[in-house]
$ cat input06.tsv   # TSV, N, CA and C atoms
chain	number	residue	atom	x	y	z
A	1	MET	N	-16.10	-89.76	12.68
A	1	MET	CA	-16.57	-88.74	11.75
A	1	MET	C	-15.40	-88.27	10.90
A	2	GLU	N	-15.51	-88.46	9.64
A	2	GLU	CA	-14.46	-88.02	8.72
A	2	GLU	C	-14.80	-86.70	8.07
A	3	ASP	N	-16.01	-86.22	8.24
A	3	ASP	CA	-16.47	-85.02	7.56
A	3	ASP	C	-16.01	-83.77	8.31
A	4	HIS	N	-15.01	-83.11	7.75
A	4	HIS	CA	-14.50	-81.87	8.32
A	4	HIS	C	-14.86	-80.68	7.44
A	5	GLY	N	-15.82	-80.85	6.55
A	5	GLY	CA	-16.24	-79.76	5.68
A	5	GLY	C	-15.33	-79.55	4.48
A	6	ASP	N	-14.49	-80.52	4.17
A	6	ASP	CA	-13.55	-80.38	3.06
A	6	ASP	C	-14.24	-80.31	1.70
A	7	ASP	N	-15.47	-80.80	1.60
A	7	ASP	CA	-16.16	-80.78	0.32
A	7	ASP	C	-16.50	-79.38	-0.14
A	8	PHE	N	-16.40	-78.39	0.74
A	8	PHE	CA	-16.67	-77.01	0.38
A	8	PHE	C	-15.52	-76.43	-0.44
A	9	GLY	N	-14.36	-76.99	-0.30
A	9	GLY	CA	-13.18	-76.51	-1.02
A	9	GLY	C	-12.00	-76.46	-0.09
A	10	PRO	N	-10.83	-76.12	-0.63
A	10	PRO	CA	-9.64	-76.07	0.22
A	10	PRO	C	-9.78	-75.06	1.34
A	11	TRP	N	-9.24	-75.40	2.49
A	11	TRP	CA	-9.29	-74.53	3.66
A	11	TRP	C	-8.21	-73.47	3.53
A	12	GLY	N	-8.53	-72.23	3.87
A	12	GLY	CA	-7.51	-71.20	3.94
A	12	GLY	C	-7.55	-70.16	2.84
A	13	TRP	N	-8.45	-70.26	1.88
A	13	TRP	CA	-8.51	-69.25	0.84
A	13	TRP	C	-9.27	-68.00	1.28
A	14	GLU	N	-10.04	-68.11	2.34
A	14	GLU	CA	-10.78	-66.96	2.84
A	14	GLU	C	-9.81	-66.00	3.52
A	15	THR	N	-10.18	-64.73	3.52
A	15	THR	CA	-9.33	-63.73	4.17
A	15	THR	C	-9.66	-63.65	5.65
A	16	GLU	N	-8.75	-63.12	6.40
A	16	GLU	CA	-8.97	-62.92	7.84
A	16	GLU	C	-10.22	-62.10	8.10
A	17	SER	N	-10.49	-61.11	7.25
A	17	SER	CA	-11.62	-60.22	7.47
A	17	SER	C	-12.96	-60.93	7.31
A	18	SER	N	-12.96	-62.14	6.69
A	18	SER	CA	-14.22	-62.85	6.51
A	18	SER	C	-14.65	-63.57	7.79
A	19	SER	N	-13.78	-63.66	8.77
A	19	SER	CA	-14.11	-64.32	10.03
A	19	SER	C	-14.79	-63.32	10.96
A	20	PRO	N	-15.99	-63.65	11.44
A	20	PRO	CA	-16.72	-62.71	12.29
A	20	PRO	C	-16.07	-62.49	13.66
A	21	ILE	N	-15.34	-63.48	14.14
A	21	ILE	CA	-14.68	-63.37	15.44
A	21	ILE	C	-13.22	-63.71	15.25
A	22	HIS	N	-12.35	-62.96	15.87
A	22	HIS	CA	-10.93	-63.23	15.78
A	22	HIS	C	-10.47	-63.87	17.08
A	23	ARG	N	-9.95	-65.08	16.97
A	23	ARG	CA	-9.42	-65.82	18.11
A	23	ARG	C	-8.02	-66.30	17.75
A	24	THR	N	-7.25	-66.57	18.76
A	24	THR	CA	-5.96	-67.20	18.54
A	24	THR	C	-6.19	-68.67	18.21
A	25	ASP	N	-5.15	-69.33	17.71
A	25	ASP	CA	-5.28	-70.76	17.45
A	25	ASP	C	-5.64	-71.51	18.73
A	26	GLU	N	-5.05	-71.10	19.84
A	26	GLU	CA	-5.34	-71.73	21.13
A	26	GLU	C	-6.81	-71.48	21.53
A	27	GLY	N	-7.32	-70.30	21.23
A	27	GLY	CA	-8.73	-70.00	21.52
A	27	GLY	C	-9.67	-70.88	20.73
A	28	TRP	N	-9.36	-71.08	19.42
A	28	TRP	CA	-10.18	-71.96	18.60
A	28	TRP	C	-10.09	-73.40	19.09
A	29	LEU	N	-8.92	-73.80	19.55
A	29	LEU	CA	-8.73	-75.15	20.07
A	29	LEU	C	-9.62	-75.39	21.30
A	30	THR	N	-9.70	-74.42	22.17
A	30	THR	CA	-10.55	-74.52	23.36
A	30	THR	C	-12.02	-74.67	22.96
A	31	VAL	N	-12.47	-73.83	22.03
A	31	VAL	CA	-13.86	-73.90	21.58
A	31	VAL	C	-14.14	-75.25	20.93
A	32	ALA	N	-13.22	-75.72	20.09
A	32	ALA	CA	-13.40	-77.02	19.43
A	32	ALA	C	-13.54	-78.14	20.45
A	33	ARG	N	-12.75	-78.09	21.49
A	33	ARG	CA	-12.84	-79.13	22.53
A	33	ARG	C	-14.20	-79.07	23.25
A	34	TYR	N	-14.69	-77.86	23.54
A	34	TYR	CA	-16.00	-77.72	24.18
A	34	TYR	C	-17.11	-78.29	23.29
A	35	ILE	N	-17.05	-77.98	22.00
A	35	ILE	CA	-18.09	-78.45	21.09
A	35	ILE	C	-18.04	-79.96	20.96
A	36	ARG	N	-16.83	-80.50	20.83
A	36	ARG	CA	-16.69	-81.96	20.73
A	36	ARG	C	-17.25	-82.62	21.99
A	37	HIS	N	-16.95	-82.06	23.15
A	37	HIS	CA	-17.44	-82.62	24.41
A	37	HIS	C	-18.97	-82.63	24.44
A	38	ALA	N	-19.59	-81.52	24.05
A	38	ALA	CA	-21.05	-81.44	24.03
A	38	ALA	C	-21.63	-82.44	23.03
A	39	ALA	N	-21.06	-82.50	21.85
A	39	ALA	CA	-21.56	-83.43	20.83
A	39	ALA	C	-21.39	-84.88	21.26
A	40	ASN	N	-20.28	-85.20	21.90
A	40	ASN	CA	-20.04	-86.57	22.35
A	40	ASN	C	-21.04	-86.98	23.44
A	41	LYS	N	-21.56	-86.03	24.19
A	41	LYS	CA	-22.57	-86.35	25.22
A	41	LYS	C	-23.90	-86.74	24.58
A	42	LEU	N	-24.17	-86.27	23.36
A	42	LEU	CA	-25.47	-86.47	22.72
A	42	LEU	C	-25.48	-87.55	21.64
A	43	GLY	N	-24.35	-87.86	21.07
A	43	GLY	CA	-24.37	-88.78	19.94
A	43	GLY	C	-23.06	-89.52	19.79
A	44	PRO	N	-22.84	-90.05	18.60
A	44	PRO	CA	-21.61	-90.81	18.36
A	44	PRO	C	-20.39	-89.94	18.59
A	45	GLU	N	-19.35	-90.55	19.14
A	45	GLU	CA	-18.16	-89.79	19.52
A	45	GLU	C	-17.41	-89.25	18.31
A	46	LEU	N	-16.97	-88.01	18.45
A	46	LEU	CA	-16.11	-87.39	17.45
A	46	LEU	C	-14.67	-87.77	17.76
A	47	PRO	N	-13.81	-87.86	16.75
A	47	PRO	CA	-12.45	-88.34	16.96
A	47	PRO	C	-11.54	-87.36	17.70
A	48	LEU	N	-10.48	-87.91	18.27
A	48	LEU	CA	-9.45	-87.11	18.92
A	48	LEU	C	-8.44	-86.71	17.85
A	49	CYS	N	-8.81	-85.73	17.02
A	49	CYS	CA	-7.96	-85.39	15.88
A	49	CYS	C	-7.54	-83.93	15.85
A	50	LEU	N	-7.68	-83.23	16.96
A	50	LEU	CA	-7.21	-81.84	17.03
A	50	LEU	C	-5.69	-81.81	17.13
A	51	PRO	N	-5.09	-80.65	16.87
A	51	PRO	CA	-3.64	-80.56	16.98
A	51	PRO	C	-3.15	-81.07	18.34
A	52	GLY	N	-2.14	-81.95	18.29
A	52	GLY	CA	-1.55	-82.50	19.50
A	52	GLY	C	-2.25	-83.72	20.05
A	53	GLU	N	-3.32	-84.19	19.39
A	53	GLU	CA	-4.05	-85.36	19.87
A	53	GLU	C	-3.60	-86.62	19.12
A	54	PRO	N	-3.96	-87.79	19.65
A	54	PRO	CA	-3.47	-89.05	19.09
A	54	PRO	C	-3.74	-89.25	17.59
A	55	GLN	N	-4.90	-88.81	17.12
A	55	GLN	CA	-5.26	-89.02	15.71
A	55	GLN	C	-5.23	-87.70	14.94
A	56	GLU	N	-4.30	-86.84	15.26
A	56	GLU	CA	-4.22	-85.50	14.66
A	56	GLU	C	-4.41	-85.57	13.14
A	57	CYS	N	-5.37	-84.79	12.63
A	57	CYS	CA	-5.70	-84.86	11.21
A	57	CYS	C	-5.03	-83.77	10.39
A	58	GLY	N	-4.44	-82.79	11.05
A	58	GLY	CA	-3.75	-81.73	10.33
A	58	GLY	C	-4.61	-80.52	9.99
A	59	ARG	N	-5.89	-80.59	10.26
A	59	ARG	CA	-6.76	-79.45	9.98
A	59	ARG	C	-6.72	-78.48	11.17
A	60	PRO	N	-6.92	-77.19	10.92
A	60	PRO	CA	-6.87	-76.22	12.01
A	60	PRO	C	-8.06	-76.36	12.96
A	61	ALA	N	-7.87	-75.92	14.19
A	61	ALA	CA	-8.93	-75.99	15.19
A	61	ALA	C	-10.18	-75.22	14.75
A	62	GLN	N	-9.99	-74.09	14.07
A	62	GLN	CA	-11.14	-73.30	13.62
A	62	GLN	C	-12.01	-74.12	12.66
A	63	GLN	N	-11.41	-74.93	11.80
A	63	GLN	CA	-12.18	-75.78	10.90
A	63	GLN	C	-12.96	-76.82	11.69
A	64	HIS	N	-12.37	-77.33	12.77
A	64	HIS	CA	-13.08	-78.28	13.63
A	64	HIS	C	-14.28	-77.61	14.30
A	65	VAL	N	-14.11	-76.37	14.73
A	65	VAL	CA	-15.23	-75.65	15.35
A	65	VAL	C	-16.41	-75.60	14.38
A	66	ILE	N	-16.15	-75.29	13.13
A	66	ILE	CA	-17.22	-75.19	12.14
A	66	ILE	C	-17.85	-76.55	11.87
A	67	ALA	N	-17.01	-77.55	11.60
A	67	ALA	CA	-17.53	-78.88	11.25
A	67	ALA	C	-18.27	-79.51	12.43
A	68	TRP	N	-17.70	-79.41	13.61
A	68	TRP	CA	-18.32	-80.03	14.77
A	68	TRP	C	-19.55	-79.25	15.23
A	69	SER	N	-19.59	-77.96	14.99
A	69	SER	CA	-20.80	-77.18	15.29
A	69	SER	C	-21.94	-77.63	14.38
A	70	ALA	N	-21.63	-77.90	13.11
A	70	ALA	CA	-22.64	-78.41	12.19
A	70	ALA	C	-23.16	-79.77	12.68
A	71	HIS	N	-22.24	-80.60	13.17
A	71	HIS	CA	-22.61	-81.91	13.71
A	71	HIS	C	-23.52	-81.73	14.93
A	72	LEU	N	-23.17	-80.81	15.82
A	72	LEU	CA	-23.96	-80.55	17.02
A	72	LEU	C	-25.34	-79.99	16.65
A	73	LYS	N	-25.39	-79.14	15.64
A	73	LYS	CA	-26.67	-78.59	15.17
A	73	LYS	C	-27.56	-79.72	14.64
A	74	ALA	N	-26.96	-80.66	13.88
A	74	ALA	CA	-27.74	-81.80	13.36
A	74	ALA	C	-28.23	-82.68	14.50
A	75	LEU	N	-27.36	-82.93	15.49
A	75	LEU	CA	-27.79	-83.72	16.66
A	75	LEU	C	-28.96	-83.04	17.37
A	76	SER	N	-28.87	-81.73	17.53
A	76	SER	CA	-29.93	-80.99	18.21
A	76	SER	C	-31.24	-81.07	17.44
A	77	HIS	N	-31.17	-80.92	16.13
A	77	HIS	CA	-32.38	-81.00	15.32
A	77	HIS	C	-32.99	-82.40	15.40
A	78	HIS	N	-32.14	-83.40	15.38
A	78	HIS	CA	-32.61	-84.79	15.49
A	78	HIS	C	-33.29	-85.01	16.85
A	79	LEU	N	-32.73	-84.44	17.91
A	79	LEU	CA	-33.36	-84.55	19.23
A	79	LEU	C	-34.72	-83.87	19.27
A	80	ILE	N	-34.84	-82.73	18.60
A	80	ILE	CA	-36.15	-82.06	18.51
A	80	ILE	C	-37.14	-83.00	17.84
A	81	GLU	N	-36.72	-83.62	16.74
A	81	GLU	CA	-37.62	-84.54	16.02
A	81	GLU	C	-38.03	-85.73	16.89
A	82	GLN	N	-37.11	-86.23	17.70
A	82	GLN	CA	-37.41	-87.38	18.54
A	82	GLN	C	-38.27	-87.01	19.74
A	83	ALA	N	-38.12	-85.79	20.26
A	83	ALA	CA	-38.79	-85.41	21.50
A	83	ALA	C	-40.15	-84.74	21.30
A	84	THR	N	-40.43	-84.27	20.11
A	84	THR	CA	-41.64	-83.49	19.91
A	84	THR	C	-42.90	-84.35	19.97
A	85	PRO	N	-43.95	-83.85	20.62
A	85	PRO	CA	-45.21	-84.60	20.66
A	85	PRO	C	-46.01	-84.47	19.37
A	86	SER	N	-45.66	-83.49	18.54
A	86	SER	CA	-46.37	-83.32	17.26
A	86	SER	C	-45.44	-82.68	16.24
A	87	GLU	N	-45.75	-82.90	14.99
A	87	GLU	CA	-44.95	-82.31	13.92
A	87	GLU	C	-44.96	-80.78	14.00
A	88	ALA	N	-46.12	-80.21	14.38
A	88	ALA	CA	-46.24	-78.75	14.47
A	88	ALA	C	-45.33	-78.19	15.56
A	89	ARG	N	-45.27	-78.84	16.71
A	89	ARG	CA	-44.39	-78.36	17.79
A	89	ARG	C	-42.92	-78.50	17.39
A	90	GLY	N	-42.59	-79.57	16.71
A	90	GLY	CA	-41.23	-79.76	16.23
A	90	GLY	C	-40.85	-78.68	15.23
A	91	ALA	N	-41.75	-78.37	14.32
A	91	ALA	CA	-41.49	-77.32	13.33
A	91	ALA	C	-41.34	-75.96	14.01
A	92	HIS	N	-42.12	-75.71	15.05
A	92	HIS	CA	-42.01	-74.45	15.78
A	92	HIS	C	-40.65	-74.34	16.48
A	93	ALA	N	-40.23	-75.44	17.14
A	93	ALA	CA	-38.94	-75.43	17.84
A	93	ALA	C	-37.78	-75.27	16.87
A	94	ALA	N	-37.84	-75.96	15.73
A	94	ALA	CA	-36.75	-75.90	14.75
A	94	ALA	C	-36.81	-74.64	13.90
A	95	GLY	N	-37.93	-73.95	13.90
A	95	GLY	CA	-38.09	-72.74	13.09
A	95	GLY	C	-38.09	-71.48	13.94
A	96	PRO	N	-39.28	-70.96	14.29
A	96	PRO	CA	-39.35	-69.68	15.01
A	96	PRO	C	-38.59	-69.65	16.34
A	97	MET	N	-38.69	-70.71	17.13
A	97	MET	CA	-38.00	-70.71	18.42
A	97	MET	C	-36.48	-70.65	18.20
A	98	TYR	N	-35.98	-71.44	17.28
A	98	TYR	CA	-34.55	-71.44	16.95
A	98	TYR	C	-34.11	-70.06	16.44
A	99	GLN	N	-34.89	-69.49	15.52
A	99	GLN	CA	-34.53	-68.18	14.96
A	99	GLN	C	-34.51	-67.09	16.03
A	100	ARG	N	-35.46	-67.13	16.98
A	100	ARG	CA	-35.45	-66.14	18.07
A	100	ARG	C	-34.19	-66.27	18.91
A	101	ARG	N	-33.85	-67.51	19.26
A	101	ARG	CA	-32.66	-67.73	20.08
A	101	ARG	C	-31.39	-67.32	19.34
A	102	LEU	N	-31.32	-67.62	18.06
A	102	LEU	CA	-30.18	-67.22	17.25
A	102	LEU	C	-30.06	-65.69	17.21
A	103	ALA	N	-31.17	-64.99	17.06
A	103	ALA	CA	-31.16	-63.53	17.06
A	103	ALA	C	-30.67	-62.99	18.40
A	104	GLU	N	-31.11	-63.60	19.49
A	104	GLU	CA	-30.64	-63.18	20.82
A	104	GLU	C	-29.13	-63.38	20.96
A	105	LEU	N	-28.63	-64.52	20.50
A	105	LEU	CA	-27.19	-64.79	20.59
A	105	LEU	C	-26.39	-63.82	19.73
A	106	ARG	N	-26.90	-63.49	18.56
A	106	ARG	CA	-26.21	-62.51	17.69
A	106	ARG	C	-26.17	-61.15	18.36
A	107	THR	N	-27.26	-60.77	18.99
A	107	THR	CA	-27.29	-59.48	19.70
A	107	THR	C	-26.29	-59.48	20.84
A	108	LEU	N	-26.27	-60.54	21.63
A	108	LEU	CA	-25.30	-60.63	22.73
A	108	LEU	C	-23.87	-60.60	22.21
A	109	SER	N	-23.63	-61.28	21.12
A	109	SER	CA	-22.29	-61.31	20.53
A	109	SER	C	-21.87	-59.92	20.06
A	110	THR	N	-22.80	-59.19	19.46
A	110	THR	CA	-22.51	-57.83	19.00
A	110	THR	C	-22.21	-56.92	20.19
A	111	LEU	N	-22.98	-57.07	21.26
A	111	LEU	CA	-22.78	-56.24	22.44
A	111	LEU	C	-21.42	-56.51	23.12
A	112	THR	N	-21.02	-57.77	23.13
A	112	THR	CA	-19.75	-58.10	23.80
A	112	THR	C	-18.56	-57.70	22.96
A	113	ARG	N	-18.75	-57.52	21.64
A	113	ARG	CA	-17.63	-57.08	20.80
A	113	ARG	C	-17.55	-55.57	20.68
A	114	SER	N	-18.62	-54.86	21.06
A	114	SER	CA	-18.62	-53.40	20.98
A	114	SER	C	-17.72	-52.80	22.04
A	115	PRO	N	-17.05	-51.70	21.70
A	115	PRO	CA	-16.22	-51.04	22.71
A	115	PRO	C	-17.08	-50.52	23.86
A	116	GLN	N	-16.58	-50.70	25.06
A	116	GLN	CA	-17.31	-50.23	26.24
A	116	GLN	C	-17.15	-48.71	26.35
A	117	GLY	N	-18.27	-48.04	26.52
A	117	GLY	CA	-18.20	-46.59	26.52
A	117	GLY	C	-18.39	-46.07	27.84
$ encode --input "input06.tsv" --output "structure tokens"
Amino acid sequence: MEDHGDDFGPWGWETESSSPIHRTDEGWLTVARYIRHAANKLGPELPLCLPGEPQECGRPAQQHVIAWSAHLKALSHHLIEQATPSEARGAHAAGPMYQRRLAELRTLSTLTRSPQG
């Protein structure tokens, strides 16, 4: 996979405040490895191109998290299409069911970032 999202424009022009979660470079590296592992279990293997790996591409780990998450999302949608017994059930899983789960994850994420009172 050569697509690291570079077609959107140069990496790094966004401000720190535009990132919803603040992680260290090492934290992003860990997440990128988890996503690559999950994606590699479901589809074609993603390259070993993170910092310090044999085919290091020079892009930051955070960019890999975004690009590989998009890849994993596409794999998941493709699996829904392959597994669904009907177009209507597939549309429900990819639409309302997905949106509900995304809303739940956003709520959990907000709760874990809120100061404990």
$ closest_residue --input "input06.tsv" --among "A:Glu45, A:Glu81, A:Glu87, A:Asp25" --to "Gln62 of chain A" --atoms "only N, CA and C atoms"
A:Asp25
$ closest_residue --input "input06.tsv" --among "A:Arg101, A:Lys41, A:Arg89, A:Arg33" --to "His64 of chain A" --atoms "only N, CA and C atoms"
A:Arg33
$ atom_distance --input "input06.tsv" --atom1 "atom CA of Val65 of chain A" --atom2 "atom CA of Ala32 of chain A"
4.7 Å
$ atom_distance --input "input06.tsv" --atom1 "atom CA of Leu48 of chain A" --atom2 "atom CA of Arg36 of chain A"
9.1 Å
$ atom_distance --input "input06.tsv" --atom1 "atom CA of Ala94 of chain A" --atom2 "atom CA of Ile80 of chain A"
7.2 Å
$ closest_residue --input "input06.tsv" --among "A:Ala83, A:Leu29, A:Ala74, A:Pro96" --to "Leu50 of chain A" --atoms "all atoms listed in the file"
A:Leu29
$ closest_residue --input "input06.tsv" --among "A:Ile21, A:Cys49, A:Asn40, A:Gly27" --to "Ser109 of chain A" --atoms "only C-alpha atoms"
A:Ile21
